>>> print(open('coords.tsv').read())   # TSV, N, CA and C atoms
chain	number	residue	atom	x	y	z
A	820	MET	N	-21.38	-34.21	19.50
A	820	MET	CA	-21.77	-32.82	19.46
A	820	MET	C	-20.84	-32.01	18.55
A	821	LEU	N	-19.50	-32.27	18.64
A	821	LEU	CA	-18.53	-31.56	17.81
A	821	LEU	C	-18.78	-31.85	16.33
A	822	LYS	N	-19.13	-33.08	16.01
A	822	LYS	CA	-19.41	-33.46	14.63
A	822	LYS	C	-20.60	-32.67	14.09
A	823	ARG	N	-21.61	-32.46	14.91
A	823	ARG	CA	-22.79	-31.71	14.45
A	823	ARG	C	-22.44	-30.24	14.24
A	824	PHE	N	-21.53	-29.69	15.07
A	824	PHE	CA	-21.10	-28.30	14.87
A	824	PHE	C	-20.30	-28.17	13.57
A	825	ILE	N	-19.41	-29.12	13.34
A	825	ILE	CA	-18.57	-29.05	12.14
A	825	ILE	C	-19.41	-29.21	10.88
A	826	LEU	N	-20.36	-30.13	10.91
A	826	LEU	CA	-21.20	-30.36	9.73
A	826	LEU	C	-22.41	-29.43	9.67
A	827	TRP	N	-22.56	-28.57	10.68
A	827	TRP	CA	-23.64	-27.57	10.72
A	827	TRP	C	-25.00	-28.26	10.56
A	828	ASP	N	-25.25	-29.14	11.48
A	828	ASP	CA	-26.42	-30.00	11.41
A	828	ASP	C	-27.60	-29.49	12.25
A	829	PHE	N	-27.60	-28.22	12.62
A	829	PHE	CA	-28.66	-27.69	13.47
A	829	PHE	C	-29.61	-26.83	12.65
A	830	PRO	N	-30.89	-26.90	12.95
A	830	PRO	CA	-31.86	-26.06	12.22
A	830	PRO	C	-31.74	-24.60	12.65
A	831	ARG	N	-32.16	-23.72	11.77
A	831	ARG	CA	-32.14	-22.29	12.08
A	831	ARG	C	-33.03	-22.01	13.28
A	832	ALA	N	-32.65	-20.96	14.02
A	832	ALA	CA	-33.39	-20.48	15.19
A	832	ALA	C	-33.25	-21.42	16.39
A	833	SER	N	-32.41	-22.44	16.31
A	833	SER	CA	-32.15	-23.26	17.50
A	833	SER	C	-31.03	-22.57	18.28
A	834	TRP	N	-30.91	-22.88	19.55
A	834	TRP	CA	-29.89	-22.21	20.36
A	834	TRP	C	-28.49	-22.59	19.90
A	835	GLN	N	-28.31	-23.80	19.38
A	835	GLN	CA	-27.00	-24.22	18.89
A	835	GLN	C	-26.59	-23.40	17.66
A	836	TYR	N	-27.55	-23.17	16.79
A	836	TYR	CA	-27.31	-22.37	15.59
A	836	TYR	C	-26.89	-20.95	16.00
A	837	ASP	N	-27.63	-20.36	16.94
A	837	ASP	CA	-27.33	-19.00	17.40
A	837	ASP	C	-25.95	-18.92	18.04
A	838	VAL	N	-25.57	-19.95	18.81
A	838	VAL	CA	-24.24	-19.97	19.43
A	838	VAL	C	-23.17	-20.02	18.35
A	839	MET	N	-23.35	-20.85	17.35
A	839	MET	CA	-22.36	-20.97	16.29
A	839	MET	C	-22.21	-19.65	15.53
A	840	VAL	N	-23.32	-19.00	15.21
A	840	VAL	CA	-23.27	-17.71	14.52
A	840	VAL	C	-22.57	-16.68	15.40
A	841	GLY	N	-22.84	-16.70	16.69
A	841	GLY	CA	-22.17	-15.79	17.62
A	841	GLY	C	-20.66	-16.02	17.65
A	842	ILE	N	-20.24	-17.28	17.64
A	842	ILE	CA	-18.81	-17.60	17.63
A	842	ILE	C	-18.15	-17.10	16.35
A	843	ILE	N	-18.82	-17.28	15.23
A	843	ILE	CA	-18.28	-16.81	13.95
A	843	ILE	C	-18.16	-15.28	13.94
A	844	LEU	N	-19.19	-14.60	14.41
A	844	LEU	CA	-19.15	-13.14	14.44
A	844	LEU	C	-18.07	-12.64	15.41
A	845	ALA	N	-17.93	-13.29	16.54
A	845	ALA	CA	-16.89	-12.90	17.49
A	845	ALA	C	-15.51	-13.08	16.86
A	846	PHE	N	-15.31	-14.16	16.13
A	846	PHE	CA	-14.03	-14.39	15.46
A	846	PHE	C	-13.75	-13.29	14.44
A	847	ILE	N	-14.76	-12.93	13.67
A	847	ILE	CA	-14.58	-11.91	12.62
A	847	ILE	C	-14.23	-10.55	13.23
A	848	PHE	N	-14.97	-10.13	14.25
A	848	PHE	CA	-14.81	-8.78	14.76
A	848	PHE	C	-13.79	-8.64	15.89
A	849	LEU	N	-13.42	-9.72	16.55
A	849	LEU	CA	-12.52	-9.62	17.69
A	849	LEU	C	-11.10	-10.13	17.41
A	850	THR	N	-10.88	-10.69	16.24
A	850	THR	CA	-9.54	-11.19	15.91
A	850	THR	C	-8.65	-10.00	15.58
A	851	PRO	N	-7.48	-9.90	16.22
A	851	PRO	CA	-6.56	-8.79	15.91
A	851	PRO	C	-6.07	-8.87	14.47
A	852	ARG	N	-5.97	-7.73	13.82
A	852	ARG	CA	-5.55	-7.72	12.42
A	852	ARG	C	-4.10	-8.17	12.26
A	853	ASP	N	-3.30	-8.11	13.33
A	853	ASP	CA	-1.91	-8.57	13.25
A	853	ASP	C	-1.81	-10.06	12.98
A	854	TRP	N	-2.80	-10.83	13.38
A	854	TRP	CA	-2.77	-12.27	13.16
A	854	TRP	C	-2.69	-12.61	11.68
A	855	PHE	N	-3.31	-11.78	10.86
A	855	PHE	CA	-3.37	-12.04	9.42
A	855	PHE	C	-2.52	-11.05	8.63
A	856	ARG	N	-1.72	-10.27	9.35
A	856	ARG	CA	-0.86	-9.25	8.74
A	856	ARG	C	-1.66	-8.30	7.86
A	857	ASP	N	-2.85	-8.00	8.30
A	857	ASP	CA	-3.73	-7.08	7.59
A	857	ASP	C	-3.37	-5.65	7.99
A	858	GLN	N	-3.12	-4.81	7.02
A	858	GLN	CA	-2.77	-3.43	7.29
A	858	GLN	C	-3.77	-2.52	6.60
A	859	PRO	N	-4.05	-1.37	7.20
A	859	PRO	CA	-4.96	-0.44	6.53
A	859	PRO	C	-4.34	0.08	5.24
A	860	ARG	N	-5.16	0.35	4.27
A	860	ARG	CA	-4.67	0.86	3.00
A	860	ARG	C	-4.33	2.33	3.14
A	861	ILE	N	-3.21	2.68	2.56
A	861	ILE	CA	-2.78	4.06	2.57
A	861	ILE	C	-3.30	4.69	1.29
A	862	PRO	N	-3.98	5.84	1.38
A	862	PRO	CA	-4.48	6.46	0.15
A	862	PRO	C	-3.35	6.74	-0.83
A	863	ARG	N	-3.56	6.41	-2.06
A	863	ARG	CA	-2.61	6.59	-3.15
A	863	ARG	C	-1.29	5.90	-2.87
A	864	ALA	N	-1.33	4.75	-2.20
A	864	ALA	CA	-0.11	4.03	-1.86
A	864	ALA	C	0.61	3.51	-3.10
A	865	SER	N	-0.13	3.17	-4.12
A	865	SER	CA	0.49	2.62	-5.32
A	865	SER	C	1.04	3.70	-6.24
A	866	SER	N	0.90	4.98	-5.87
A	866	SER	CA	1.40	6.04	-6.72
A	866	SER	C	2.91	6.20	-6.63
A	867	ILE	N	3.52	5.63	-5.57
A	867	ILE	CA	4.97	5.61	-5.44
A	867	ILE	C	5.40	4.19	-5.12
A	868	ALA	N	6.32	3.65	-5.91
A	868	ALA	CA	6.81	2.29	-5.67
A	868	ALA	C	8.32	2.31	-5.57
A	869	MET	N	8.85	1.74	-4.49
A	869	MET	CA	10.29	1.67	-4.32
A	869	MET	C	10.82	0.46	-5.08
A	870	LEU	N	11.87	0.65	-5.83
A	870	LEU	CA	12.48	-0.41	-6.62
A	870	LEU	C	13.78	-0.85	-5.95
A	871	PRO	N	14.33	-1.99	-6.33
A	871	PRO	CA	15.58	-2.45	-5.72
A	871	PRO	C	16.71	-1.42	-5.88
A	872	SER	N	17.50	-1.27	-4.83
A	872	SER	CA	18.58	-0.27	-4.80
A	872	SER	C	19.70	-0.65	-5.77
A	873	GLU	N	20.36	0.40	-6.25
A	873	GLU	CA	21.52	0.19	-7.12
A	873	GLU	C	22.53	1.30	-6.84
A	874	ASN	N	23.77	0.92	-6.61
A	874	ASN	CA	24.87	1.87	-6.40
A	874	ASN	C	24.61	2.86	-5.27
A	875	GLY	N	23.96	2.44	-4.21
A	875	GLY	CA	23.70	3.33	-3.07
A	875	GLY	C	22.56	4.30	-3.29
A	876	SER	N	21.96	4.25	-4.43
A	876	SER	CA	20.84	5.12	-4.76
A	876	SER	C	19.56	4.32	-4.69
A	877	SER	N	18.49	4.92	-4.18
A	877	SER	CA	17.20	4.24	-4.10
A	877	SER	C	16.28	4.76	-5.19
A	878	PRO	N	15.97	3.94	-6.18
A	878	PRO	CA	15.07	4.39	-7.24
A	878	PRO	C	13.60	4.19	-6.85
A	879	PHE	N	12.76	5.11	-7.27
A	879	PHE	CA	11.33	5.06	-7.02
A	879	PHE	C	10.61	5.30	-8.33
A	880	PHE	N	9.54	4.52	-8.56
A	880	PHE	CA	8.67	4.81	-9.69
A	880	PHE	C	7.54	5.68	-9.14
A	881	VAL	N	7.30	6.82	-9.77
A	881	VAL	CA	6.31	7.77	-9.30
A	881	VAL	C	5.25	7.94	-10.37
A	882	ASP	N	3.99	7.79	-9.98
A	882	ASP	CA	2.88	7.96	-10.91
A	882	ASP	C	2.88	9.39	-11.45
A	883	SER	N	2.56	9.54	-12.71
A	883	SER	CA	2.62	10.86	-13.34
A	883	SER	C	1.61	11.84	-12.73
A	884	GLY	N	0.53	11.35	-12.15
A	884	GLY	CA	-0.48	12.23	-11.56
A	884	GLY	C	0.01	12.99	-10.35
A	885	LEU	N	1.03	12.47	-9.66
A	885	LEU	CA	1.56	13.16	-8.48
A	885	LEU	C	2.29	14.45	-8.84
A	886	LEU	N	2.85	14.50	-10.03
A	886	LEU	CA	3.61	15.68	-10.43
A	886	LEU	C	2.90	16.49	-11.50
A	887	GLU	N	1.63	16.22	-11.67
A	887	GLU	CA	0.86	16.95	-12.67
A	887	GLU	C	0.76	18.42	-12.29
A	888	GLY	N	1.10	19.28	-13.20
A	888	GLY	CA	1.04	20.72	-12.95
A	888	GLY	C	2.25	21.28	-12.24
A	889	ILE	N	3.23	20.45	-11.92
A	889	ILE	CA	4.45	20.91	-11.25
A	889	ILE	C	5.49	21.23	-12.33
A	890	PRO	N	6.04	22.44	-12.34
A	890	PRO	CA	7.08	22.76	-13.33
A	890	PRO	C	8.28	21.83	-13.20
A	891	GLU	N	8.97	21.62	-14.31
A	891	GLU	CA	10.08	20.66	-14.35
A	891	GLU	C	11.19	21.02	-13.36
A	892	ASN	N	11.45	22.30	-13.16
A	892	ASN	CA	12.54	22.70	-12.26
A	892	ASN	C	12.16	22.54	-10.78
A	893	GLN	N	10.91	22.26	-10.47
A	893	GLN	CA	10.49	22.09	-9.07
A	893	GLN	C	10.16	20.64	-8.72
A	894	ARG	N	10.29	19.73	-9.67
A	894	ARG	CA	9.93	18.33	-9.44
A	894	ARG	C	10.83	17.66	-8.42
A	895	VAL	N	12.12	17.96	-8.45
A	895	VAL	CA	13.05	17.35	-7.50
A	895	VAL	C	12.68	17.74	-6.07
A	896	VAL	N	12.38	19.01	-5.85
A	896	VAL	CA	12.02	19.49	-4.52
A	896	VAL	C	10.71	18.87	-4.06
A	897	LYS	N	9.72	18.85	-4.93
A	897	LYS	CA	8.41	18.29	-4.59
A	897	LYS	C	8.51	16.80	-4.27
A	898	LEU	N	9.26	16.06	-5.08
A	898	LEU	CA	9.42	14.62	-4.83
A	898	LEU	C	10.22	14.36	-3.56
A	899	SER	N	11.19	15.20	-3.26
A	899	SER	CA	11.93	15.04	-2.01
A	899	SER	C	10.99	15.16	-0.82
A	900	GLU	N	10.09	16.14	-0.86
A	900	GLU	CA	9.12	16.32	0.23
A	900	GLU	C	8.18	15.13	0.33
A	901	LEU	N	7.67	14.66	-0.82
A	901	LEU	CA	6.75	13.53	-0.82
A	901	LEU	C	7.40	12.26	-0.29
A	902	LEU	N	8.62	11.99	-0.74
A	902	LEU	CA	9.31	10.77	-0.33
A	902	LEU	C	9.71	10.82	1.15
A	903	ARG	N	10.09	11.99	1.64
A	903	ARG	CA	10.40	12.11	3.06
A	903	ARG	C	9.18	11.79	3.90
A	904	ALA	N	8.04	12.30	3.48
A	904	ALA	CA	6.79	12.05	4.23
A	904	ALA	C	6.39	10.58	4.15
A	905	ARG	N	6.49	9.98	2.98
A	905	ARG	CA	6.06	8.59	2.81
A	905	ARG	C	7.01	7.59	3.45
A	906	MET	N	8.31	7.87	3.36
A	906	MET	CA	9.31	6.92	3.85
A	906	MET	C	9.66	7.16	5.31
A	907	GLY	N	9.31	8.32	5.84
A	907	GLY	CA	9.63	8.62	7.22
A	907	GLY	C	11.11	8.89	7.44
A	908	ASN	N	11.81	9.29	6.39
A	908	ASN	CA	13.25	9.56	6.46
A	908	ASN	C	13.47	11.04	6.13
A	909	ARG	N	13.82	11.83	7.14
A	909	ARG	CA	13.98	13.27	6.94
A	909	ARG	C	15.20	13.62	6.10
A	910	HIS	N	16.14	12.69	5.97
A	910	HIS	CA	17.38	12.97	5.26
A	910	HIS	C	17.36	12.49	3.81
A	911	LEU	N	16.26	11.92	3.36
A	911	LEU	CA	16.15	11.43	1.99
A	911	LEU	C	16.13	12.60	1.02
A	912	THR	N	16.98	12.55	0.01
A	912	THR	CA	17.06	13.63	-0.97
A	912	THR	C	17.01	13.05	-2.37
A	913	VAL	N	16.13	13.58	-3.19
A	913	VAL	CA	16.04	13.16	-4.59
A	913	VAL	C	17.14	13.87	-5.36
A	914	THR	N	17.93	13.09	-6.09
A	914	THR	CA	19.04	13.66	-6.85
A	914	THR	C	18.65	13.98	-8.30
A	915	ARG	N	17.79	13.12	-8.88
A	915	ARG	CA	17.33	13.40	-10.25
A	915	ARG	C	15.99	12.73	-10.50
A	916	VAL	N	15.27	13.29	-11.46
A	916	VAL	CA	13.96	12.77	-11.87
A	916	VAL	C	13.97	12.61	-13.37
A	917	GLU	N	13.62	11.41	-13.84
A	917	GLU	CA	13.59	11.15	-15.27
A	917	GLU	C	12.19	10.72	-15.68
A	918	PRO	N	11.64	11.29	-16.75
A	918	PRO	CA	10.32	10.86	-17.22
A	918	PRO	C	10.40	9.47	-17.87
A	919	ILE	N	9.36	8.69	-17.70
A	919	ILE	CA	9.25	7.37	-18.33
A	919	ILE	C	8.16	7.49	-19.40
A	920	LEU	N	8.56	7.24	-20.64
A	920	LEU	CA	7.63	7.36	-21.77
A	920	LEU	C	7.37	5.98	-22.36
A	921	ASP	N	6.15	5.77	-22.87
A	921	ASP	CA	5.85	4.51	-23.53
A	921	ASP	C	6.31	4.58	-24.98
A	922	SER	N	6.01	3.54	-25.76
A	922	SER	CA	6.48	3.47	-27.15
A	922	SER	C	5.90	4.56	-28.03
A	923	GLU	N	4.78	5.15	-27.61
A	923	GLU	CA	4.16	6.21	-28.40
A	923	GLU	C	4.55	7.60	-27.91
A	924	GLY	N	5.43	7.66	-26.92
A	924	GLY	CA	5.90	8.94	-26.42
A	924	GLY	C	5.01	9.56	-25.35
A	925	GLU	N	4.04	8.80	-24.83
A	925	GLU	CA	3.17	9.33	-23.78
A	925	GLU	C	3.79	9.08	-22.41
A	926	LEU	N	3.62	10.04	-21.53
A	926	LEU	CA	4.21	9.96	-20.19
A	926	LEU	C	3.48	8.92	-19.34
A	927	GLN	N	4.25	7.94	-18.80
A	927	GLN	CA	3.70	6.90	-17.94
A	927	GLN	C	3.97	7.17	-16.47
A	928	GLY	N	5.04	7.87	-16.19
A	928	GLY	CA	5.42	8.15	-14.82
A	928	GLY	C	6.83	8.70	-14.80
A	929	TYR	N	7.42	8.70	-13.60
A	929	TYR	CA	8.77	9.24	-13.44
A	929	TYR	C	9.61	8.26	-12.64
A	930	MET	N	10.89	8.25	-12.92
A	930	MET	CA	11.86	7.53	-12.09
A	930	MET	C	12.57	8.60	-11.27
A	931	ALA	N	12.49	8.45	-9.95
A	931	ALA	CA	13.16	9.37	-9.04
A	931	ALA	C	14.29	8.62	-8.37
A	932	PHE	N	15.47	9.17	-8.37
A	932	PHE	CA	16.63	8.56	-7.73
A	932	PHE	C	16.97	9.36	-6.50
A	933	ALA	N	16.98	8.68	-5.35
A	933	ALA	CA	17.18	9.36	-4.07
A	933	ALA	C	18.34	8.76	-3.31
A	934	ARG	N	18.93	9.58	-2.48
A	934	ARG	CA	20.01	9.14	-1.58
A	934	ARG	C	19.58	9.43	-0.15
A	935	PRO	N	19.91	8.50	0.74
A	935	PRO	CA	19.54	8.73	2.16
A	935	PRO	C	20.36	9.83	2.81
>>> encode(input="coords.tsv", output="structure tokens")
Amino acid sequence: MLKRFILWDFPRASWQYDVMVGIILAFIFLTPRDWFRDQPRIPRASSIAMLPSENGSSPFFVDSGLLEGIPENQRVVKLSELLRARMGNRHLTVTRVEPILDSEGELQGYMAFARP
């Protein structure tokens, strides 16, 4: 019987077929997402990427769209607020923000350096 289940040797509309489909559907919908380390996607999660730490400072790559329309003198404050919300650390402070330009001089994003 197990061999027939594994090889799916039952015709459609038989009770064995229906049981197998039910087992598959139960597995799909009732399996906890923790088993597969599946996490919900965070909107715009890729717009901020944390890079390896250096000298006690935590560098972040920030997509240029997040700071679009923000004056240069307010970018540090805005990024501090964004990073505190995303990282869950109320004491995180951005110390400086540097633009990242490609070879043609177009803005690709920003490097934000923060301290805890």
>>> atom_distance(input="coords.tsv", atom1="CA of Ile867 (chain A)", atom2="CA of Phe879 (chain A)")
6.6 Å
>>> residues_around(input="coords.tsv", residues="region 882-886 of chain A", least_positions_apart="3", cutoff="6.5 Å", atoms="all atoms listed in the file", output="PyMOL selection string")
chain A and resi 865-868+889+926-929
>>> select_by_dssp(input="coords.tsv", residues="region 822-922 of chain A", states="alpha helix (DSSP H)", output="JSON list (two decimals) with N, CA and C atoms, in the coordinates of the input")
[["chain", "number", "residue", "atom", "x", "y", "z"],
["A", 822, "LYS", "N", -19.13, -33.08, 16.01],
["A", 822, "LYS", "CA", -19.41, -33.46, 14.63],
["A", 822, "LYS", "C", -20.60, -32.67, 14.09],
["A", 823, "ARG", "N", -21.61, -32.46, 14.91],
["A", 823, "ARG", "CA", -22.79, -31.71, 14.45],
["A", 823, "ARG", "C", -22.44, -30.24, 14.24],
["A", 824, "PHE", "N", -21.53, -29.69, 15.07],
["A", 824, "PHE", "CA", -21.10, -28.30, 14.87],
["A", 824, "PHE", "C", -20.30, -28.17, 13.57],
["A", 825, "ILE", "N", -19.41, -29.12, 13.34],
["A", 825, "ILE", "CA", -18.57, -29.05, 12.14],
["A", 825, "ILE", "C", -19.41, -29.21, 10.88],
["A", 826, "LEU", "N", -20.36, -30.13, 10.91],
["A", 826, "LEU", "CA", -21.20, -30.36, 9.73],
["A", 826, "LEU", "C", -22.41, -29.43, 9.67],
["A", 834, "TRP", "N", -30.91, -22.88, 19.55],
["A", 834, "TRP", "CA", -29.89, -22.21, 20.36],
["A", 834, "TRP", "C", -28.49, -22.59, 19.90],
["A", 835, "GLN", "N", -28.31, -23.80, 19.38],
["A", 835, "GLN", "CA", -27.00, -24.22, 18.89],
["A", 835, "GLN", "C", -26.59, -23.40, 17.66],
["A", 836, "TYR", "N", -27.55, -23.17, 16.79],
["A", 836, "TYR", "CA", -27.31, -22.37, 15.59],
["A", 836, "TYR", "C", -26.89, -20.95, 16.00],
["A", 837, "ASP", "N", -27.63, -20.36, 16.94],
["A", 837, "ASP", "CA", -27.33, -19.00, 17.40],
["A", 837, "ASP", "C", -25.95, -18.92, 18.04],
["A", 838, "VAL", "N", -25.57, -19.95, 18.81],
["A", 838, "VAL", "CA", -24.24, -19.97, 19.43],
["A", 838, "VAL", "C", -23.17, -20.02, 18.35],
["A", 839, "MET", "N", -23.35, -20.85, 17.35],
["A", 839, "MET", "CA", -22.36, -20.97, 16.29],
["A", 839, "MET", "C", -22.21, -19.65, 15.53],
["A", 840, "VAL", "N", -23.32, -19.00, 15.21],
["A", 840, "VAL", "CA", -23.27, -17.71, 14.52],
["A", 840, "VAL", "C", -22.57, -16.68, 15.40],
["A", 841, "GLY", "N", -22.84, -16.70, 16.69],
["A", 841, "GLY", "CA", -22.17, -15.79, 17.62],
["A", 841, "GLY", "C", -20.66, -16.02, 17.65],
["A", 842, "ILE", "N", -20.24, -17.28, 17.64],
["A", 842, "ILE", "CA", -18.81, -17.60, 17.63],
["A", 842, "ILE", "C", -18.15, -17.10, 16.35],
["A", 843, "ILE", "N", -18.82, -17.28, 15.23],
["A", 843, "ILE", "CA", -18.28, -16.81, 13.95],
["A", 843, "ILE", "C", -18.16, -15.28, 13.94],
["A", 844, "LEU", "N", -19.19, -14.60, 14.41],
["A", 844, "LEU", "CA", -19.15, -13.14, 14.44],
["A", 844, "LEU", "C", -18.07, -12.64, 15.41],
["A", 845, "ALA", "N", -17.93, -13.29, 16.54],
["A", 845, "ALA", "CA", -16.89, -12.90, 17.49],
["A", 845, "ALA", "C", -15.51, -13.08, 16.86],
["A", 846, "PHE", "N", -15.31, -14.16, 16.13],
["A", 846, "PHE", "CA", -14.03, -14.39, 15.46],
["A", 846, "PHE", "C", -13.75, -13.29, 14.44],
["A", 847, "ILE", "N", -14.76, -12.93, 13.67],
["A", 847, "ILE", "CA", -14.58, -11.91, 12.62],
["A", 847, "ILE", "C", -14.23, -10.55, 13.23],
["A", 848, "PHE", "N", -14.97, -10.13, 14.25],
["A", 848, "PHE", "CA", -14.81, -8.78, 14.76],
["A", 848, "PHE", "C", -13.79, -8.64, 15.89],
["A", 849, "LEU", "N", -13.42, -9.72, 16.55],
["A", 849, "LEU", "CA", -12.52, -9.62, 17.69],
["A", 849, "LEU", "C", -11.10, -10.13, 17.41],
["A", 894, "ARG", "N", 10.29, 19.73, -9.67],
["A", 894, "ARG", "CA", 9.93, 18.33, -9.44],
["A", 894, "ARG", "C", 10.83, 17.66, -8.42],
["A", 895, "VAL", "N", 12.12, 17.96, -8.45],
["A", 895, "VAL", "CA", 13.05, 17.35, -7.50],
["A", 895, "VAL", "C", 12.68, 17.74, -6.07],
["A", 896, "VAL", "N", 12.38, 19.01, -5.85],
["A", 896, "VAL", "CA", 12.02, 19.49, -4.52],
["A", 896, "VAL", "C", 10.71, 18.87, -4.06],
["A", 897, "LYS", "N", 9.72, 18.85, -4.93],
["A", 897, "LYS", "CA", 8.41, 18.29, -4.59],
["A", 897, "LYS", "C", 8.51, 16.80, -4.27],
["A", 898, "LEU", "N", 9.26, 16.06, -5.08],
["A", 898, "LEU", "CA", 9.42, 14.62, -4.83],
["A", 898, "LEU", "C", 10.22, 14.36, -3.56],
["A", 899, "SER", "N", 11.19, 15.20, -3.26],
["A", 899, "SER", "CA", 11.93, 15.04, -2.01],
["A", 899, "SER", "C", 10.99, 15.16, -0.82],
["A", 900, "GLU", "N", 10.09, 16.14, -0.86],
["A", 900, "GLU", "CA", 9.12, 16.32, 0.23],
["A", 900, "GLU", "C", 8.18, 15.13, 0.33],
["A", 901, "LEU", "N", 7.67, 14.66, -0.82],
["A", 901, "LEU", "CA", 6.75, 13.53, -0.82],
["A", 901, "LEU", "C", 7.40, 12.26, -0.29],
["A", 902, "LEU", "N", 8.62, 11.99, -0.74],
["A", 902, "LEU", "CA", 9.31, 10.77, -0.33],
["A", 902, "LEU", "C", 9.71, 10.82, 1.15],
["A", 903, "ARG", "N", 10.09, 11.99, 1.64],
["A", 903, "ARG", "CA", 10.40, 12.11, 3.06],
["A", 903, "ARG", "C", 9.18, 11.79, 3.90],
["A", 904, "ALA", "N", 8.04, 12.30, 3.48],
["A", 904, "ALA", "CA", 6.79, 12.05, 4.23],
["A", 904, "ALA", "C", 6.39, 10.58, 4.15],
["A", 905, "ARG", "N", 6.49, 9.98, 2.98],
["A", 905, "ARG", "CA", 6.06, 8.59, 2.81],
["A", 905, "ARG", "C", 7.01, 7.59, 3.45],
["A", 906, "MET", "N", 8.31, 7.87, 3.36],
["A", 906, "MET", "CA", 9.31, 6.92, 3.85],
["A", 906, "MET", "C", 9.66, 7.16, 5.31]]
>>> atom_distance(input="coords.tsv", atom1="CA of Glu923 (chain A)", atom2="CA of Arg894 (chain A)")
23.2 Å
>>> axis_aligned_box(input="coords.tsv", around="region 830-836 of chain A", padding_each_side="3 Å", output="AutoDock Vina command-line options")
--center_x -30.0 --center_y -23.7 --center_z 16.1 --size_x 12.8 --size_y 12.4 --size_z 14.6
>>> atom_distance(input="coords.tsv", atom1="CA of Ser922 (chain A)", atom2="CA of Lys897 (chain A)")
27.1 Å
>>> residues_around(input="coords.tsv", residues="Pro878 (chain A)", least_positions_apart="6", cutoff="8 Å", atoms="only N, CA and C atoms", output="JSON, numbers by chain")
{"A": [868, 869, 870, 871, 872, 930, 931, 932, 933, 934]}
>>> closest_residue(input="coords.tsv", among="A:Pro935, A:Glu873, A:Pro851, A:Asp828", to="Leu902 (chain A)", atoms="only C-alpha atoms")
A:Pro935
>>> select_by_dssp(input="coords.tsv", residues="chain A", states="strand (DSSP E)", output="MDAnalysis selection string")
chainID A and resid 867:869 877:882 912:920 926:934
